>>> print(open('start_23.csv').read())   # CSV, N, CA, C and O atoms
chain,number,residue,atom,x,y,z
A,1,MET,N,9.4,-3.9,-5.8
A,1,MET,CA,8.2,-4.3,-5.1
A,1,MET,C,7.7,-5.6,-5.7
A,1,MET,O,7.7,-5.9,-6.9
A,2,ASN,N,7.2,-6.5,-4.8
A,2,ASN,CA,6.6,-7.7,-5.3
A,2,ASN,C,5.1,-7.8,-5.0
A,2,ASN,O,4.5,-6.8,-4.5
A,3,ASP,N,4.5,-8.9,-5.4
A,3,ASP,CA,3.0,-8.9,-5.3
A,3,ASP,C,2.5,-8.9,-3.9
A,3,ASP,O,1.3,-8.5,-3.7
A,4,SER,N,3.3,-9.2,-2.9
A,4,SER,CA,2.8,-9.2,-1.5
A,4,SER,C,3.0,-7.8,-0.8
A,4,SER,O,2.6,-7.6,0.3
A,5,THR,N,3.6,-6.9,-1.5
A,5,THR,CA,3.8,-5.6,-1.0
A,5,THR,C,2.6,-4.7,-1.2
A,5,THR,O,2.1,-4.6,-2.3
A,6,VAL,N,2.1,-4.1,-0.1
A,6,VAL,CA,0.9,-3.2,-0.2
A,6,VAL,C,1.4,-1.8,-0.3
A,6,VAL,O,2.3,-1.3,0.5
A,7,THR,N,0.9,-1.0,-1.3
A,7,THR,CA,1.2,0.4,-1.4
A,7,THR,C,0.3,1.2,-0.6
A,7,THR,O,-1.0,1.1,-0.8
A,8,LEU,N,0.8,2.1,0.3
A,8,LEU,CA,-0.1,3.0,1.1
A,8,LEU,C,0.4,4.4,0.8
A,8,LEU,O,1.1,5.0,1.7
A,9,PRO,N,0.0,5.0,-0.3
A,9,PRO,CA,0.5,6.3,-0.6
A,9,PRO,C,-0.2,7.5,0.0
A,9,PRO,O,0.3,8.6,-0.1
A,10,TRP,N,-1.3,7.3,0.7
A,10,TRP,CA,-2.0,8.4,1.3
A,10,TRP,C,-1.8,8.5,2.8
A,10,TRP,O,-1.9,7.5,3.5
A,11,LEU,N,-1.4,9.7,3.2
A,11,LEU,CA,-1.0,10.0,4.6
A,11,LEU,C,-2.1,10.9,5.2
A,11,LEU,O,-2.6,11.8,4.6
A,12,VAL,N,-2.3,10.7,6.5
A,12,VAL,CA,-3.1,11.6,7.3
A,12,VAL,C,-2.0,12.3,8.2
A,12,VAL,O,-1.3,11.6,8.9
A,13,ILE,N,-2.0,13.6,8.2
A,13,ILE,CA,-1.1,14.4,9.0
A,13,ILE,C,-1.8,15.2,10.0
A,13,ILE,O,-2.9,15.8,9.7
A,14,ARG,N,-1.3,15.4,11.2
A,14,ARG,CA,-1.9,16.2,12.2
A,14,ARG,C,-0.9,17.3,12.6
A,14,ARG,O,0.3,17.0,12.7
A,15,GLU,N,-1.4,18.5,12.7
A,15,GLU,CA,-0.6,19.6,13.2
A,15,GLU,C,-1.2,20.1,14.5
A,15,GLU,O,-2.4,20.4,14.6
A,16,ASP,N,-0.4,20.1,15.6
A,16,ASP,CA,-0.9,20.6,16.9
A,16,ASP,C,-0.8,22.1,17.1
A,16,ASP,O,-0.4,22.8,16.1
A,17,ASP,N,-1.2,22.6,18.2
A,17,ASP,CA,-1.2,24.0,18.5
A,17,ASP,C,0.1,24.7,18.4
A,17,ASP,O,0.2,25.9,18.2
A,18,ASN,N,1.2,23.9,18.6
A,18,ASN,CA,2.5,24.5,18.6
A,18,ASN,C,3.2,24.4,17.2
A,18,ASN,O,4.4,24.7,17.0
A,19,GLY,N,2.5,23.9,16.2
A,19,GLY,CA,3.0,23.8,14.8
A,19,GLY,C,3.8,22.5,14.6
A,19,GLY,O,4.4,22.3,13.5
A,20,ASN,N,3.7,21.5,15.5
A,20,ASN,CA,4.4,20.2,15.3
A,20,ASN,C,3.5,19.4,14.5
A,20,ASN,O,2.3,19.3,14.7
A,21,ARG,N,4.1,18.7,13.5
A,21,ARG,CA,3.4,17.8,12.6
A,21,ARG,C,3.7,16.4,12.8
A,21,ARG,O,4.9,16.0,13.1
A,22,TYR,N,2.7,15.5,12.8
A,22,TYR,CA,2.8,14.1,13.0
A,22,TYR,C,2.1,13.3,12.0
A,22,TYR,O,1.0,13.7,11.6
A,23,ARG,N,2.7,12.2,11.5
A,23,ARG,CA,1.9,11.3,10.6
A,23,ARG,C,1.0,10.4,11.5
A,23,ARG,O,1.5,9.7,12.3
A,24,VAL,N,-0.3,10.5,11.2
A,24,VAL,CA,-1.3,9.7,11.9
A,24,VAL,C,-1.3,8.3,11.4
A,24,VAL,O,-1.4,7.3,12.1
A,25,GLY,N,-1.3,8.2,10.1
A,25,GLY,CA,-1.3,6.8,9.4
A,25,GLY,C,-1.1,6.9,7.9
A,25,GLY,O,-1.1,8.0,7.4
A,26,ARG,N,-1.0,5.7,7.3
A,26,ARG,CA,-0.9,5.6,5.9
A,26,ARG,C,-2.0,4.7,5.4
A,26,ARG,O,-2.3,3.7,6.0
A,27,TYR,N,-2.6,5.1,4.2
A,27,TYR,CA,-3.8,4.4,3.7
A,27,TYR,C,-3.6,4.1,2.2
A,27,TYR,O,-2.9,4.8,1.5
A,28,ALA,N,-4.4,3.1,1.8
A,28,ALA,CA,-4.3,2.7,0.4
A,28,ALA,C,-5.1,3.7,-0.6
A,28,ALA,O,-4.7,3.9,-1.7
A,29,THR,N,-6.1,4.3,-0.1
A,29,THR,CA,-6.9,5.2,-0.9
A,29,THR,C,-7.1,6.6,-0.3
A,29,THR,O,-7.1,6.7,1.0
A,30,ARG,N,-7.3,7.6,-1.1
A,30,ARG,CA,-7.5,8.9,-0.6
A,30,ARG,C,-8.8,8.9,0.2
A,30,ARG,O,-8.9,9.6,1.2
A,31,ALA,N,-9.9,8.2,-0.3
A,31,ALA,CA,-11.1,8.2,0.4
A,31,ALA,C,-11.0,7.7,1.8
A,31,ALA,O,-11.6,8.2,2.8
A,32,GLU,N,-10.2,6.6,2.0
A,32,GLU,CA,-10.0,6.1,3.3
A,32,GLU,C,-9.3,7.1,4.2
A,32,GLU,O,-9.6,7.3,5.4
A,33,ALA,N,-8.2,7.7,3.7
A,33,ALA,CA,-7.5,8.7,4.5
A,33,ALA,C,-8.3,9.9,4.8
A,33,ALA,O,-8.3,10.3,6.0
A,34,GLN,N,-9.1,10.3,3.9
A,34,GLN,CA,-10.0,11.5,4.2
A,34,GLN,C,-11.0,11.1,5.2
A,34,GLN,O,-11.4,12.0,6.1
A,35,ARG,N,-11.6,9.9,5.2
A,35,ARG,CA,-12.5,9.5,6.2
A,35,ARG,C,-11.9,9.5,7.6
A,35,ARG,O,-12.5,10.0,8.6
A,36,ILE,N,-10.7,9.1,7.7
A,36,ILE,CA,-10.0,9.1,9.0
A,36,ILE,C,-9.7,10.6,9.4
A,36,ILE,O,-10.0,10.9,10.6
A,37,ALA,N,-9.2,11.4,8.5
A,37,ALA,CA,-9.0,12.8,8.8
A,37,ALA,C,-10.2,13.5,9.3
A,37,ALA,O,-10.3,14.3,10.3
A,38,ASP,N,-11.3,13.3,8.6
A,38,ASP,CA,-12.6,13.9,8.9
A,38,ASP,C,-13.1,13.4,10.3
A,38,ASP,O,-13.6,14.3,11.1
A,39,SER,N,-13.0,12.2,10.6
A,39,SER,CA,-13.4,11.7,11.9
A,39,SER,C,-12.6,12.2,13.0
A,39,SER,O,-13.1,12.6,14.1
A,40,LEU,N,-11.3,12.4,12.8
A,40,LEU,CA,-10.4,13.0,13.9
A,40,LEU,C,-10.7,14.5,14.0
A,40,LEU,O,-10.7,15.0,15.1
A,41,ASP,N,-10.9,15.2,12.9
A,41,ASP,CA,-11.2,16.6,12.9
A,41,ASP,C,-12.5,16.9,13.6
A,41,ASP,O,-12.7,17.9,14.2
A,42,GLY,N,-13.4,16.0,13.5
A,42,GLY,CA,-14.8,16.2,14.1
A,42,GLY,C,-14.8,16.0,15.6
A,42,GLY,O,-15.9,16.2,16.2
A,43,ARG,N,-13.7,15.7,16.2
A,43,ARG,CA,-13.7,15.5,17.7
A,43,ARG,C,-13.6,16.8,18.5
A,43,ARG,O,-13.7,16.8,19.7
A,44,GLY,N,-13.5,17.9,17.8
A,44,GLY,CA,-13.5,19.2,18.4
A,44,GLY,C,-12.2,19.7,19.0
A,44,GLY,O,-12.2,20.8,19.6
A,45,HIS,N,-11.1,19.0,18.8
A,45,HIS,CA,-9.8,19.5,19.3
A,45,HIS,C,-9.3,20.6,18.3
A,45,HIS,O,-9.8,20.7,17.2
A,46,LYS,N,-8.4,21.3,18.8
A,46,LYS,CA,-7.8,22.4,18.0
A,46,LYS,C,-6.7,21.9,17.0
A,46,LYS,O,-6.1,22.8,16.3
A,47,GLN,N,-6.5,20.7,16.9
A,47,GLN,CA,-5.5,20.2,16.0
A,47,GLN,C,-6.1,20.2,14.5
A,47,GLN,O,-7.3,20.1,14.3
A,48,LEU,N,-5.2,20.4,13.6
A,48,LEU,CA,-5.5,20.4,12.2
A,48,LEU,C,-5.1,19.1,11.5
A,48,LEU,O,-4.0,18.6,11.8
A,49,TYR,N,-6.0,18.5,10.8
A,49,TYR,CA,-5.8,17.2,10.1
A,49,TYR,C,-5.9,17.4,8.6
A,49,TYR,O,-6.8,18.1,8.2
A,50,TRP,N,-5.0,16.8,7.8
A,50,TRP,CA,-5.2,16.8,6.4
A,50,TRP,C,-4.6,15.6,5.7
A,50,TRP,O,-3.9,14.8,6.4
A,51,VAL,N,-4.9,15.4,4.4
A,51,VAL,CA,-4.5,14.3,3.7
A,51,VAL,C,-3.4,14.7,2.7
A,51,VAL,O,-3.5,15.7,2.0
A,52,GLU,N,-2.3,13.9,2.6
A,52,GLU,CA,-1.3,14.1,1.6
A,52,GLU,C,-1.0,12.8,0.8
A,52,GLU,O,-1.2,11.8,1.4
A,53,ARG,N,-0.6,13.0,-0.4
A,53,ARG,CA,-0.2,11.8,-1.2
A,53,ARG,C,1.3,11.7,-1.2
A,53,ARG,O,2.0,12.7,-1.5
A,54,LEU,N,1.8,10.6,-0.8
A,54,LEU,CA,3.3,10.4,-0.8
A,54,LEU,C,3.7,10.1,-2.3
A,54,LEU,O,3.2,9.2,-2.9
A,55,GLY,N,4.6,11.0,-2.8
A,55,GLY,CA,5.0,10.8,-4.2
A,55,GLY,C,6.5,10.5,-4.2
A,55,GLY,O,7.1,10.2,-3.2
A,56,HIS,N,7.0,10.5,-5.4
A,56,HIS,CA,8.4,10.2,-5.6
A,56,HIS,C,9.4,11.2,-4.9
A,56,HIS,O,10.5,10.8,-4.5
A,57,ASP,N,8.9,12.4,-4.8
A,57,ASP,CA,9.7,13.5,-4.2
A,57,ASP,C,9.3,13.8,-2.8
A,57,ASP,O,9.6,14.8,-2.3
A,58,GLY,N,8.6,12.9,-2.1
A,58,GLY,CA,8.1,13.1,-0.8
A,58,GLY,C,6.6,13.5,-0.9
A,58,GLY,O,5.9,13.4,-1.9
A,59,PRO,N,6.0,13.8,0.3
A,59,PRO,CA,4.6,14.1,0.3
A,59,PRO,C,4.2,15.3,-0.4
A,59,PRO,O,4.9,16.3,-0.5
A,60,ALA,N,3.0,15.3,-1.0
A,60,ALA,CA,2.4,16.5,-1.6
A,60,ALA,C,1.0,16.6,-1.1
A,60,ALA,O,0.3,15.6,-1.1
A,61,VAL,N,0.6,17.8,-0.8
A,61,VAL,CA,-0.8,18.0,-0.3
A,61,VAL,C,-1.8,17.6,-1.3
A,61,VAL,O,-1.7,18.1,-2.5
A,62,ALA,N,-2.8,16.9,-1.0
A,62,ALA,CA,-3.9,16.5,-1.9
A,62,ALA,C,-5.0,17.5,-1.7
A,62,ALA,O,-5.5,17.8,-0.6
A,63,HIS,N,-5.4,18.2,-2.8
A,63,HIS,CA,-6.5,19.1,-2.8
A,63,HIS,C,-7.7,18.6,-3.4
A,63,HIS,O,-7.7,17.7,-4.2
A,64,ASP,N,-8.9,19.1,-2.9
A,64,ASP,CA,-10.2,18.6,-3.4
A,64,ASP,C,-10.4,19.2,-4.8
A,64,ASP,O,-10.0,20.2,-5.1
>>> encode(input="start_23.csv", output="structure tokens")
Amino acid sequence: MNDSTVTLPWLVIREDDNGNRYRVGRYATRAEAQRIADSLDGRGHKQLYWVERLGHDGPAVAHD
């Protein structure tokens, strides 16, 4: 990695009614990712949104 590379380790994941999961976006901070997940979750749809941290072994769910 060089100085111009931006690390975006926080993911927002969406799960639909059929159990399909999609990455909504990648973010630099957990707070930013959580803000996006909360805003999407607040729209009243039945999809589930959560934040995960991308680690060396793949994504890991971030808990409060």
>>> residues_around(input="start_23.csv", residues="Tyr22 of chain A", least_positions_apart="4", cutoff="10 Å", atoms="only C-alpha atoms", output="ChimeraX atom specification")
/A:12-16,49
>>> residues_near_point(input="start_23.csv", point="(-0.8, 7.7, 11.5)", cutoff="12 Å", atoms="only C-alpha atoms", output="VMD selection string")
chain A and resid 8 10 to 14 21 to 27 33 36 to 37 40 49 to 52
>>> closest_residue(input="start_23.csv", among="A:Arg53, A:Asn18, A:Leu48, A:Thr7", to="Ala31 of chain A", atoms="only C-alpha atoms")
A:Arg53
>>> atom_distance(input="start_23.csv", atom1="atom C of Arg30 of chain A", atom2="atom CA of Gly42 of chain A")
16.8 Å
>>> atom_distance(input="start_23.csv", atom1="atom C of Asn20 of chain A", atom2="atom N of His45 of chain A")
15.2 Å
